[in-house]
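Engineer: One structure follows; several queries about it will come next.
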Amino acid sequence: MNRILYCLLSFIFCSFTLISSEAQSVISIAGKWSFAIDPTDQGIIQKWFDNTLKDSVYLPGSMLENNKGDKVSLNTTWTASIYDSSWYFNPRMAKYRNQDIPMFPFWLTPKYHYTGAAWYQKEITIPDSWQNTQVKLFLERCHTETTVWLDNKRLGTRNSLVAPHEYDLSTIATPGRHILTIRIDNRLTTINVGKDSHSVTDQTQGNWNGIIGKMELRSNPMTAIEEVQVYPDIENHSATIHLSLSGNIDNAKSIVLSAKSYNSPKQDIVKSLTTKLIKIKSKDSILINYDLGKEVLLWSEFHPALYQLTVVLINKDGTRSEKQVSFGMRDFNVKGKQFEINGHKTFLRGTVENCDFPLTGYPPMDKKDWIRIFKICKSYGLNHMRFHSYCPPEAAFEAADLVGIYLQPEGPSWANHGTSLGDGKPVDQYIFDETDRMEKYYGNHPSYCMLAYGNEPRGGHQVEYLTKFIHYWEQKDSRRVYTGASVAMSWPIVPANQYMIKSGARGLSWNHQPESYSDYTDAIKKYNVPYIAHEMGQYCVFPDFREIGRYTGLYEARNFEMFRDILKDQGMGNEAGSFLMASGKLQALCYKNEIEKSFRTPLNGGFQLLALNDYSGQGTALVGVLNVFWKEKGYTDANIFSKFCNSTVPLLKTHSFVYTNDETFWGSAEIFHYTETDIKGADIYWNIADSLGRILQSGDFHKDIIAGTNTPVGDISFDLSTIHRAQRLVVTLGIKGTSYKNNWNIWVFPKDLPKLDISSIYYTTRLDSKAEQVLNAGGKVFLNVAGEVVKGKEIVQHFLPVFWNTSWFKMRPPHTTGFVLDPKNPAFRDFPTSYHSDLQWWQLVNRAQVMHLEDFPKNFRPLVQPIDTWFLSRRLASLFEAKVGKGKIIVSSLNIKGKEPSNNPAGQQLLYSLEKYMLSPAFNPKQQIGLQLIKDLITKPSKFTFDPFARDSPDELKPKADLTK
């Protein structure tokens with residue numbers, strides 16, 4: 001109802017605009033349009049442009065917004081790859097398939113779906129005042145290919161995913177009424193950019209059909225300014241203005257330039273410049289050097305000062321043409337292995353924007369929406385955004401200019417999965433054409449700093465093609481830097497790259513003891529250009545089912561509803577909140593350690609997270625600390641995140657986070673500082689506090705912090721012999737007089753623990769006859785089944801959480817996303833822990849088996865509960881207690897006891913805590929189970945195991961048309 005009301009109001013407004021703007025140079029054609037779907041491609045044959053279309057829609061908008069298209073079903077032909085099609089065959093998934101609208105686990109579900117041709121038609125009126133002018137049709141963003149008729153005359157076809165579609169109506173747009181007809185085809189048959197390209201894919205924005213943004217008729221004098229490009233020269237305080245004209249260039253007389261600053265506390269009004277045009281060689285040959293003065297304001301992330309340039313063309317016949325563009329005086333370049341902004345080294349702290357906008361299914365066309373997103377990014381310490389295989393609308397560039405964010409838009413292609421690059425297909429030339437259009441429409445925006453063809457291509461000649469692409473842009477436009485493609489490690493190296501985006505400088509080597517001393521030097525050392533870590537992070541978190549209610553637009557979170565139902569079926573529906581929070585804390589911990597590792601790397605260029613917010617496609621990849629709407633989930637926030645992700649970050653190098661009290665904690669402090677100025681005589685403080693917040697030791701350093709470097713400031717040490725009980729300590733490092741502060745948890749365990757009389761506890765690694773006798777007699781048993789689990793052997797646990805998601809990578813391990821426990825349980829009274837994973841658990845959990853409790857009562861809750869992948873939500877345990885017969889038992893599959901307990905202080909401490917608990921009156925498990933359930937854990941495999949390795953897509957998912965072009 002709100003959508004209908006909005007459209008009606010828009011129609012009324014646009015009708016008023018049409019009437020009142022006849023004397024103006026722009027007429028909006030937004031509003032109600034006649035409409036028809038053409039699924040069998042009869043429209044051209046039957047000359048629909050010469051007939052009245054019967055249906056109606058409101059534009060700007062998509063077919064989906066207008067409730068047009070086909071109902072989603074199992075037979076929907078998606079514009080997307082499905083890597084794991086087992087959902088279509090798995091009997092457990094039948095109830096999700098056999099619904100009015102199926103519950104797909106792969107991505108969000110639109111209410112309707114359509115790929116093919118659709119026709120849009122509207123009566124327009126050309127004012128009398130527009131006679132003898134250039135009349136153009138401007139459609140800001142179309143999806144995808146448009147063909148236009150005015151009355152019954154075909155004006156041509158445009159195919160662009162990155163830029164406006166413009167048509168010249170001048171020769172036939174006589175004053176009066178006309179019928180404007182637009183055919184839009186969103187299939188990939190003409191140009192196949194790759195069905196997973198974020199410019200078209202159903203994984204993210206959806207392959208919609210329609211027109212969004214500005215829809216206008218525009219009138220210009222017969223001699224007019226066509227294009228203005230501004231090339232800043234900050235060294236000489238000037239800009240070279242490149243002008244292109246349209247129409248009769250012999251009529252051009254002079255150009256007047258004027259400029260004034262905005263978006264800055266300081267105002268700068270530049271002296272105007274008039275240039276006479278004597279002989280113009282061609283329409284695009286006018287170059288004017290414009291001196292902006294020595295007080296010119298520079299643009300960067302720290303002070304995004306902008307200028308508005310006004311260009312006035314005065315013609316010999318007395319007509320005038322005026323064009324205004326914004327630009328920023330900045331120089332974004334590379335020097336050696338690092339990026340520079342205006343001569344200052346900068347480190348790119350980025351995220352990837354994947355075109356996830358579920359309320360509309362397409363990117364915002366309004367500047368304020370992008371300002372909100374970029375301000376959130378900056379509050380989380382970021383200064384950079386990559387757009388994965390798509391180019392955002394101009395509103396995004398305008399917003400980034402204002403906020404101060406460095407952008408890498410891309411050509412609209414992931415030339416893989418149905419197409420390839422450099423093999424002579426139409427997509428090869430299309431990429432050059434599309435990036436040309438990006439330069440034309442967005443080239444003046446200072447935020448537009450970088451460019452890549454797109455994402456991870458396929459093709460045997462891709463290196464040659466991308467080399468040609470880079471050299472083309474190096475020679476054509478020096479305002480930004482260029483790379484061939486954003487790629488992972490298996491892609492070939494393109495030596496011509498001005499900077500590198502590869503996945504080598506990412507990941508945590510937590511198969512070994514976690515530390516904060518290593519870096520990514522080995523990954524980047526062989527490259528002589530800046531290196532950006534490709535799609536860093538990708539640590540999964542459990543779904544937040546509270547989010548379902550936020551999907552009030554055109555896409556439904558039926559994948560979330562399905563995952564919620566699976567969890568409920570497993571008897572754990574009431575644990576969704578704790579699973580979210582516990583997995584989220586682990587995710588945040590991983591991001592902190594990986595970002596700091598990136599910062600520790602000398603001469604590193606930067607990173608691009610994938611992503612700060614969730615990715616709703618490719619199997620539902622919940623990799624963000626924010627949800628898809630850029631909202632916090634509850635387990636971290638901008639204040640916490642920006643302490644370890646910022647332009648200035650205190651860093652601590654240490655070889656371990658777990659110690660015994662016969663050791664000395666040692667760490668080396670340094671300051672990552674990538675701003676424009678040094679901090680002279682900085683006072684850097686540190687302290688170590690106990691679990692109650694009491695300062696145990698502190699110190700400070702006095703040091704100059706040099707911009708564009710990591711400045712070592714000194715060593716920190718603390719004798720741990722004064723720590724007599726197991727506890728968490730907090731190391732804090734900060735810069736006095738600033739908000740820059742960072743902290744790290746370390747754990748200290750007693751080397752020697754008090755001796756307990758555990759004669760009343762039968763400790764065993766086998767469920768032998770003695771264990772049964774003890775239980776039957778009402779005794780206590782500690783059963784350590786580490787390495788012996790059979791039921792659950794197929795479920796792989798690492799300390800790190802699921803990468804991207806298990807469905808998309810065919811159940812590639814790990815399969816768990818951390819664990820949850822109750823820290824108030826007396827079992828952990830002598831083991832310092834919160835409710836979630838932290839680094840004191842690493843040795844206990846990493847590569848430890850989990851127990852699959854598929855036959856246990858659904859209300860059974862273990863002491864330590866691993867969180868399974870949400871596609872399956874199997875009931876798992878690493879540690880549980882129960883009553884068995886007359887006795888009581890604790891069963892553990894953790895790495896709790898090795899051959900050398902002294903090498904596992906956390907395991908030694910946890911075992912002590914559990915044994916002490918078992919000796920106390922508090923050891924009184926609430927749940928009674930049969931001994932056979934425990935026996936099955938070590939003797940019988942899981943009844944349910946998941947086979948994700950469907951070798952091919954089912955027939956109904958295979959493309960019906962030839963998409964190899």
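Numbering starts fresh at 1 for the residues of each chain in the structure tokens, the chains themselves are lettered A, B, ... in the order given, and ligands are numbered from 1 as they appear.
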List the neighbours of Val325 in chain A out to 12 Å using only C-alpha atoms; skip same-chain residues closer than 6 positions along the sequence, and give me the result as a list of chain:residue names.
Structural biologist: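 Here the qualifying residues turn out to be A:Ile225, A:Glu227, A:Val228, A:Gln229, A:Val230, A:Ile241, A:Leu243, A:Leu257, A:Ser258, A:Ala259, A:Lys260, A:Ser261, A:Leu306, A:Tyr307, A:Gln308, A:Leu309, A:Thr310, A:Val311, A:Val312, A:Glu398, A:Lys440, A:Tyr441, A:Tyr442, A:Gly443, A:Asn444, A:His445, A:Pro446.
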Engineer: Store the residues picked out above in a file with N, CA and C atoms, as an mmCIF file, in the first residue's frame.
Structural biologist:
data_model
loop_
_atom_site.group_PDB
_atom_site.id
_atom_site.type_symbol
_atom_site.label_atom_id
_atom_site.label_comp_id
_atom_site.auth_asym_id
_atom_site.auth_seq_id
_atom_site.Cartn_x
_atom_site.Cartn_y
_atom_site.Cartn_z
ATOM 1 N N ILE A 225 27.980 22.004 -24.311
ATOM 2 C CA ILE A 225 29.033 21.253 -23.631
ATOM 3 C C ILE A 225 28.548 19.814 -23.450
ATOM 4 N N GLU A 227 30.820 17.125 -22.403
ATOM 5 C CA GLU A 227 31.526 16.431 -21.320
ATOM 6 C C GLU A 227 32.615 17.332 -20.768
ATOM 7 N N VAL A 228 32.810 17.258 -19.444
ATOM 8 C CA VAL A 228 33.880 17.991 -18.772
ATOM 9 C C VAL A 228 34.686 17.001 -17.946
ATOM 10 N N GLN A 229 35.972 16.936 -18.153
ATOM 11 C CA GLN A 229 36.842 16.102 -17.342
ATOM 12 C C GLN A 229 37.924 16.988 -16.727
ATOM 13 N N VAL A 230 38.139 16.826 -15.419
ATOM 14 C CA VAL A 230 39.075 17.662 -14.675
ATOM 15 C C VAL A 230 40.253 16.798 -14.223
ATOM 16 N N ILE A 241 41.480 21.217 -17.723
ATOM 17 C CA ILE A 241 40.077 20.954 -18.016
ATOM 18 C C ILE A 241 39.970 20.449 -19.452
ATOM 19 N N LEU A 243 37.461 19.475 -22.377
ATOM 20 C CA LEU A 243 36.073 19.735 -22.757
ATOM 21 C C LEU A 243 35.733 19.049 -24.073
ATOM 22 N N LEU A 257 35.346 29.712 -17.068
ATOM 23 C CA LEU A 257 35.498 28.780 -15.958
ATOM 24 C C LEU A 257 35.427 29.530 -14.633
ATOM 25 N N SER A 258 34.731 28.937 -13.654
ATOM 26 C CA SER A 258 34.754 29.459 -12.290
ATOM 27 C C SER A 258 34.637 28.274 -11.342
ATOM 28 N N ALA A 259 35.180 28.426 -10.151
ATOM 29 C CA ALA A 259 35.171 27.308 -9.193
ATOM 30 C C ALA A 259 35.127 27.843 -7.778
ATOM 31 N N LYS A 260 34.472 27.088 -6.907
ATOM 32 C CA LYS A 260 34.464 27.418 -5.486
ATOM 33 C C LYS A 260 34.438 26.132 -4.683
ATOM 34 N N SER A 261 35.027 26.180 -3.492
ATOM 35 C CA SER A 261 35.148 24.986 -2.668
ATOM 36 C C SER A 261 33.880 24.766 -1.851
ATOM 37 N N LEU A 306 36.094 19.663 -1.489
ATOM 38 C CA LEU A 306 35.647 19.526 -2.871
ATOM 39 C C LEU A 306 35.512 20.896 -3.524
ATOM 40 N N TYR A 307 35.550 20.868 -4.849
ATOM 41 C CA TYR A 307 35.316 22.084 -5.633
ATOM 42 C C TYR A 307 34.159 21.833 -6.600
ATOM 43 N N GLN A 308 33.368 22.890 -6.788
ATOM 44 C CA GLN A 308 32.361 22.857 -7.836
ATOM 45 C C GLN A 308 32.859 23.734 -8.972
ATOM 46 N N LEU A 309 33.036 23.116 -10.111
ATOM 47 C CA LEU A 309 33.491 23.824 -11.296
ATOM 48 C C LEU A 309 32.284 24.136 -12.174
ATOM 49 N N THR A 310 32.151 25.392 -12.559
ATOM 50 C CA THR A 310 31.099 25.798 -13.489
ATOM 51 C C THR A 310 31.753 26.163 -14.815
ATOM 52 N N VAL A 311 31.293 25.523 -15.870
ATOM 53 C CA VAL A 311 31.800 25.766 -17.216
ATOM 54 C C VAL A 311 30.669 26.354 -18.050
ATOM 55 N N VAL A 312 30.895 27.525 -18.602
ATOM 56 C CA VAL A 312 29.894 28.177 -19.438
ATOM 57 C C VAL A 312 30.454 28.321 -20.842
ATOM 58 N N GLU A 398 29.342 10.406 -5.262
ATOM 59 C CA GLU A 398 29.087 11.701 -4.622
ATOM 60 C C GLU A 398 29.204 11.589 -3.110
ATOM 61 N N LYS A 440 33.744 8.462 -18.265
ATOM 62 C CA LYS A 440 32.959 9.601 -18.736
ATOM 63 C C LYS A 440 32.044 10.147 -17.645
ATOM 64 N N TYR A 441 31.352 9.246 -16.957
ATOM 65 C CA TYR A 441 30.319 9.689 -16.026
ATOM 66 C C TYR A 441 30.827 9.907 -14.602
ATOM 67 N N TYR A 442 31.886 9.192 -14.205
ATOM 68 C CA TYR A 442 32.322 9.244 -12.802
ATOM 69 C C TYR A 442 33.783 9.667 -12.634
ATOM 70 N N GLY A 443 34.468 9.941 -13.758
ATOM 71 C CA GLY A 443 35.911 10.159 -13.711
ATOM 72 C C GLY A 443 36.352 11.344 -12.886
ATOM 73 N N ASN A 444 35.496 12.350 -12.702
ATOM 74 C CA ASN A 444 35.889 13.541 -11.943
ATOM 75 C C ASN A 444 35.823 13.347 -10.432
ATOM 76 N N HIS A 445 35.170 12.304 -9.990
ATOM 77 C CA HIS A 445 35.001 12.113 -8.551
ATOM 78 C C HIS A 445 36.335 11.728 -7.915
ATOM 79 N N PRO A 446 36.802 12.493 -6.941
ATOM 80 C CA PRO A 446 38.103 12.164 -6.323
ATOM 81 C C PRO A 446 38.096 10.825 -5.606
#
Engineer: Counting only C-alpha atoms, give me one row per residue of range 419-531 of chain A with an atom at most 9 Å from an atom of range 642-662 of chain A, showing the shortest contact pair and its distance in Å to one decimal, sorted by chain then residue number, as CSV.
Structural biologist:
residue,atom,partner,partner_atom,distance
A:Gln513,CA,A:Ser656,CA,7.1
A:Pro514,CA,A:Ser656,CA,6.3
A:Glu515,CA,A:Ser656,CA,4.8
A:Ser516,CA,A:Lys653,CA,5.0
A:Tyr517,CA,A:Lys653,CA,4.7
A:Ser518,CA,A:Lys653,CA,8.3
Engineer: Please save all heavy atoms of the selected residues as an mmCIF file, in the first residue's frame.
Structural biologist:
data_model
loop_
_atom_site.group_PDB
_atom_site.id
_atom_site.type_symbol
_atom_site.label_atom_id
_atom_site.label_comp_id
_atom_site.auth_asym_id
_atom_site.auth_seq_id
_atom_site.Cartn_x
_atom_site.Cartn_y
_atom_site.Cartn_z
ATOM 1 N N GLN A 513 50.129 -22.598 17.743
ATOM 2 C CA GLN A 513 49.744 -21.754 18.872
ATOM 3 C C GLN A 513 49.550 -20.310 18.435
ATOM 4 O O GLN A 513 50.428 -19.720 17.807
ATOM 5 C CB GLN A 513 50.821 -21.820 19.952
ATOM 6 C CG GLN A 513 50.545 -20.933 21.152
ATOM 7 C CD GLN A 513 51.613 -21.092 22.214
ATOM 8 O OE1 GLN A 513 51.540 -22.004 23.028
ATOM 9 N NE2 GLN A 513 52.608 -20.217 22.199
ATOM 10 N N PRO A 514 48.409 -19.720 18.736
ATOM 11 C CA PRO A 514 48.174 -18.327 18.355
ATOM 12 C C PRO A 514 49.209 -17.392 18.970
ATOM 13 O O PRO A 514 49.638 -17.569 20.117
ATOM 14 C CB PRO A 514 46.771 -18.044 18.911
ATOM 15 C CG PRO A 514 46.113 -19.380 18.963
ATOM 16 C CD PRO A 514 47.203 -20.334 19.333
ATOM 17 N N GLU A 515 49.604 -16.410 18.175
ATOM 18 C CA GLU A 515 50.573 -15.402 18.606
ATOM 19 C C GLU A 515 50.256 -14.116 17.870
ATOM 20 O O GLU A 515 49.390 -14.077 17.000
ATOM 21 C CB GLU A 515 52.002 -15.872 18.324
ATOM 22 C CG GLU A 515 52.208 -16.607 17.009
ATOM 23 C CD GLU A 515 52.144 -15.741 15.786
ATOM 24 O OE1 GLU A 515 52.543 -14.558 15.869
ATOM 25 O OE2 GLU A 515 51.698 -16.225 14.728
ATOM 26 N N SER A 516 50.966 -13.070 18.205
ATOM 27 C CA SER A 516 50.785 -11.806 17.492
ATOM 28 C C SER A 516 52.142 -11.265 17.068
ATOM 29 O O SER A 516 52.405 -10.069 17.180
ATOM 30 C CB SER A 516 50.053 -10.790 18.372
ATOM 31 O OG SER A 516 50.801 -10.486 19.533
ATOM 32 N N TYR A 517 52.950 -12.168 16.569
ATOM 33 C CA TYR A 517 54.301 -11.781 16.169
ATOM 34 C C TYR A 517 54.520 -11.934 14.662
ATOM 35 O O TYR A 517 55.264 -11.176 14.062
ATOM 36 C CB TYR A 517 55.331 -12.635 16.921
ATOM 37 C CG TYR A 517 56.660 -11.937 17.099
ATOM 38 C CD1 TYR A 517 56.858 -11.064 18.161
ATOM 39 C CD2 TYR A 517 57.702 -12.136 16.196
ATOM 40 C CE1 TYR A 517 58.070 -10.399 18.326
ATOM 41 C CE2 TYR A 517 58.923 -11.479 16.352
ATOM 42 C CZ TYR A 517 59.091 -10.602 17.417
ATOM 43 O OH TYR A 517 60.295 -9.944 17.564
ATOM 44 N N SER A 518 53.873 -12.907 14.062
ATOM 45 C CA SER A 518 54.079 -13.174 12.638
ATOM 46 C C SER A 518 53.390 -12.098 11.799
ATOM 47 O O SER A 518 52.566 -11.321 12.293
ATOM 48 C CB SER A 518 53.523 -14.553 12.275
ATOM 49 O OG SER A 518 52.123 -14.607 12.518
#
Engineer: Residues near Leu911 in chain A, anyone? I mean within 9 Å using only C-alpha atoms, not counting same-chain ones fewer than 3 positions away, as a list in words.
Structural biologist: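 Here the answer would be Phe831, Ile896, Lys897, Ala906, Gly907, Gln908, Leu914, Glu915 and Lys916 of chain A.
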Engineer: Those residues you just picked out, can you put them in a file as a compact mmCIF listing (two decimals), in the first residue's frame with N, CA and C atoms?
Structural biologist:
# COMPACT_ATOMS: atom_id res chain seq x y z
N PHE A 831 38.39 -22.46 36.15
CA PHE A 831 38.92 -22.28 34.79
C PHE A 831 38.36 -20.97 34.25
N ILE A 896 42.22 -32.43 26.33
CA ILE A 896 42.35 -32.00 27.72
C ILE A 896 43.58 -32.56 28.41
N LYS A 897 44.09 -33.64 27.88
CA LYS A 897 45.19 -34.29 28.58
C LYS A 897 46.12 -34.92 27.56
N ALA A 906 46.33 -25.04 29.79
CA ALA A 906 44.88 -24.84 29.81
C ALA A 906 44.17 -26.16 30.05
N GLY A 907 44.66 -27.23 29.39
CA GLY A 907 44.05 -28.54 29.60
C GLY A 907 44.24 -29.03 31.02
N GLN A 908 45.43 -28.81 31.56
CA GLN A 908 45.71 -29.19 32.94
C GLN A 908 44.79 -28.45 33.90
N LEU A 914 37.45 -29.48 36.59
CA LEU A 914 36.40 -30.50 36.47
C LEU A 914 36.50 -31.53 37.59
N GLU A 915 37.72 -31.94 37.91
CA GLU A 915 37.89 -32.91 39.00
C GLU A 915 37.46 -32.31 40.34
N LYS A 916 37.82 -31.07 40.56
CA LYS A 916 37.41 -30.40 41.81
C LYS A 916 35.89 -30.30 41.89
Engineer: Going by DSSP on the backbone, which residues of range 636-693 of chain A come out as helix (DSSP H, G or I)? List them as a PyMOL selection string.
Structural biologist: chain A and resi 638-644
Engineer: Considering only C-alpha atoms, return as a PDB file with C-alpha atoms, in the first residue's frame whatever protein or nucleic-acid residues lie within 7 Å of range 631-639 of chain A, sequence-local ones (same chain, fewer than 2 positions apart) excluded.
Structural biologist:
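result12.pdb, freshly written:
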ATOM      1  CA  SER A 379      33.247   4.582  12.195  1.00  0.00           C
ATOM      2  CA  TYR A 380      34.649   1.037  11.937  1.00  0.00           C
ATOM      3  CA  MET A 581      26.552 -14.192  20.342  1.00  0.00           C
ATOM      4  CA  GLY A 584      30.022 -13.612  16.881  1.00  0.00           C
ATOM      5  CA  LYS A 585      32.602 -13.174  19.627  1.00  0.00           C
ATOM      6  CA  VAL A 625      30.070  -8.139  11.933  1.00  0.00           C
ATOM      7  CA  LEU A 626      27.103  -6.124  10.626  1.00  0.00           C
ATOM      8  CA  ASN A 627      24.006  -7.586   9.039  1.00  0.00           C
ATOM      9  CA  PHE A 629      21.310  -3.765   6.427  1.00  0.00           C
ATOM     10  CA  PHE A 641      36.251  -2.573  16.174  1.00  0.00           C
ATOM     11  CA  SER A 642      37.950   0.762  15.510  1.00  0.00           C
ATOM     12  CA  LYS A 643      40.412   0.168  18.364  1.00  0.00           C
TER      13      LYS A 643
END
Engineer: Report as a list in words all protein, DNA and RNA residues lying within 6 Å of range 410-425 of chain A, evaluated on only C-alpha atoms, omitting residues in the same chain fewer than 5 positions from it.
Structural biologist: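 These residues fall inside the cut-off: Val193, Gly194, Ser197, Ser199, Ser389, Tyr390, Cys391, Leu451, Ala452, Tyr453, Gly454, Asn455, Pro457, Arg458, Gly459, His461, Gln462, Tyr465, Thr964 and Lys965 of chain A.
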Engineer: Between A:Thr204, A:Ile212, A:Ser85, A:Val731, which residue has the minimum interatomic distance to Ala30 in chain A, considering only C-alpha atoms?
Structural biologist: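 Closest to Ala30 in chain A, using only C-alpha atoms: A:Ile212.
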Engineer: May I have all residues of range 456-676 of chain A that DSSP, computed from the backbone, assigns to strand (DSSP E), given as a VMD selection string?
Structural biologist: chain A and resid 481 to 483 500 to 502 531 to 536 555 to 556 606 to 609 648 to 653 658 to 660 664 to 673
Engineer: Mind pulling up the distance from CA of Gly381 in chain A to CA of Lys526 in chain A?
Structural biologist: 28.6 Å
Engineer: Show me, as JSON, numbers by chain, the residues that have an atom within 12 Å of Asp768 in chain A when counting only C-alpha atoms, minus same-chain residues fewer than 6 positions from it.
Structural biologist: {"A": [762, 774, 775, 781, 782, 783, 784, 785, 931, 934, 935, 938]}
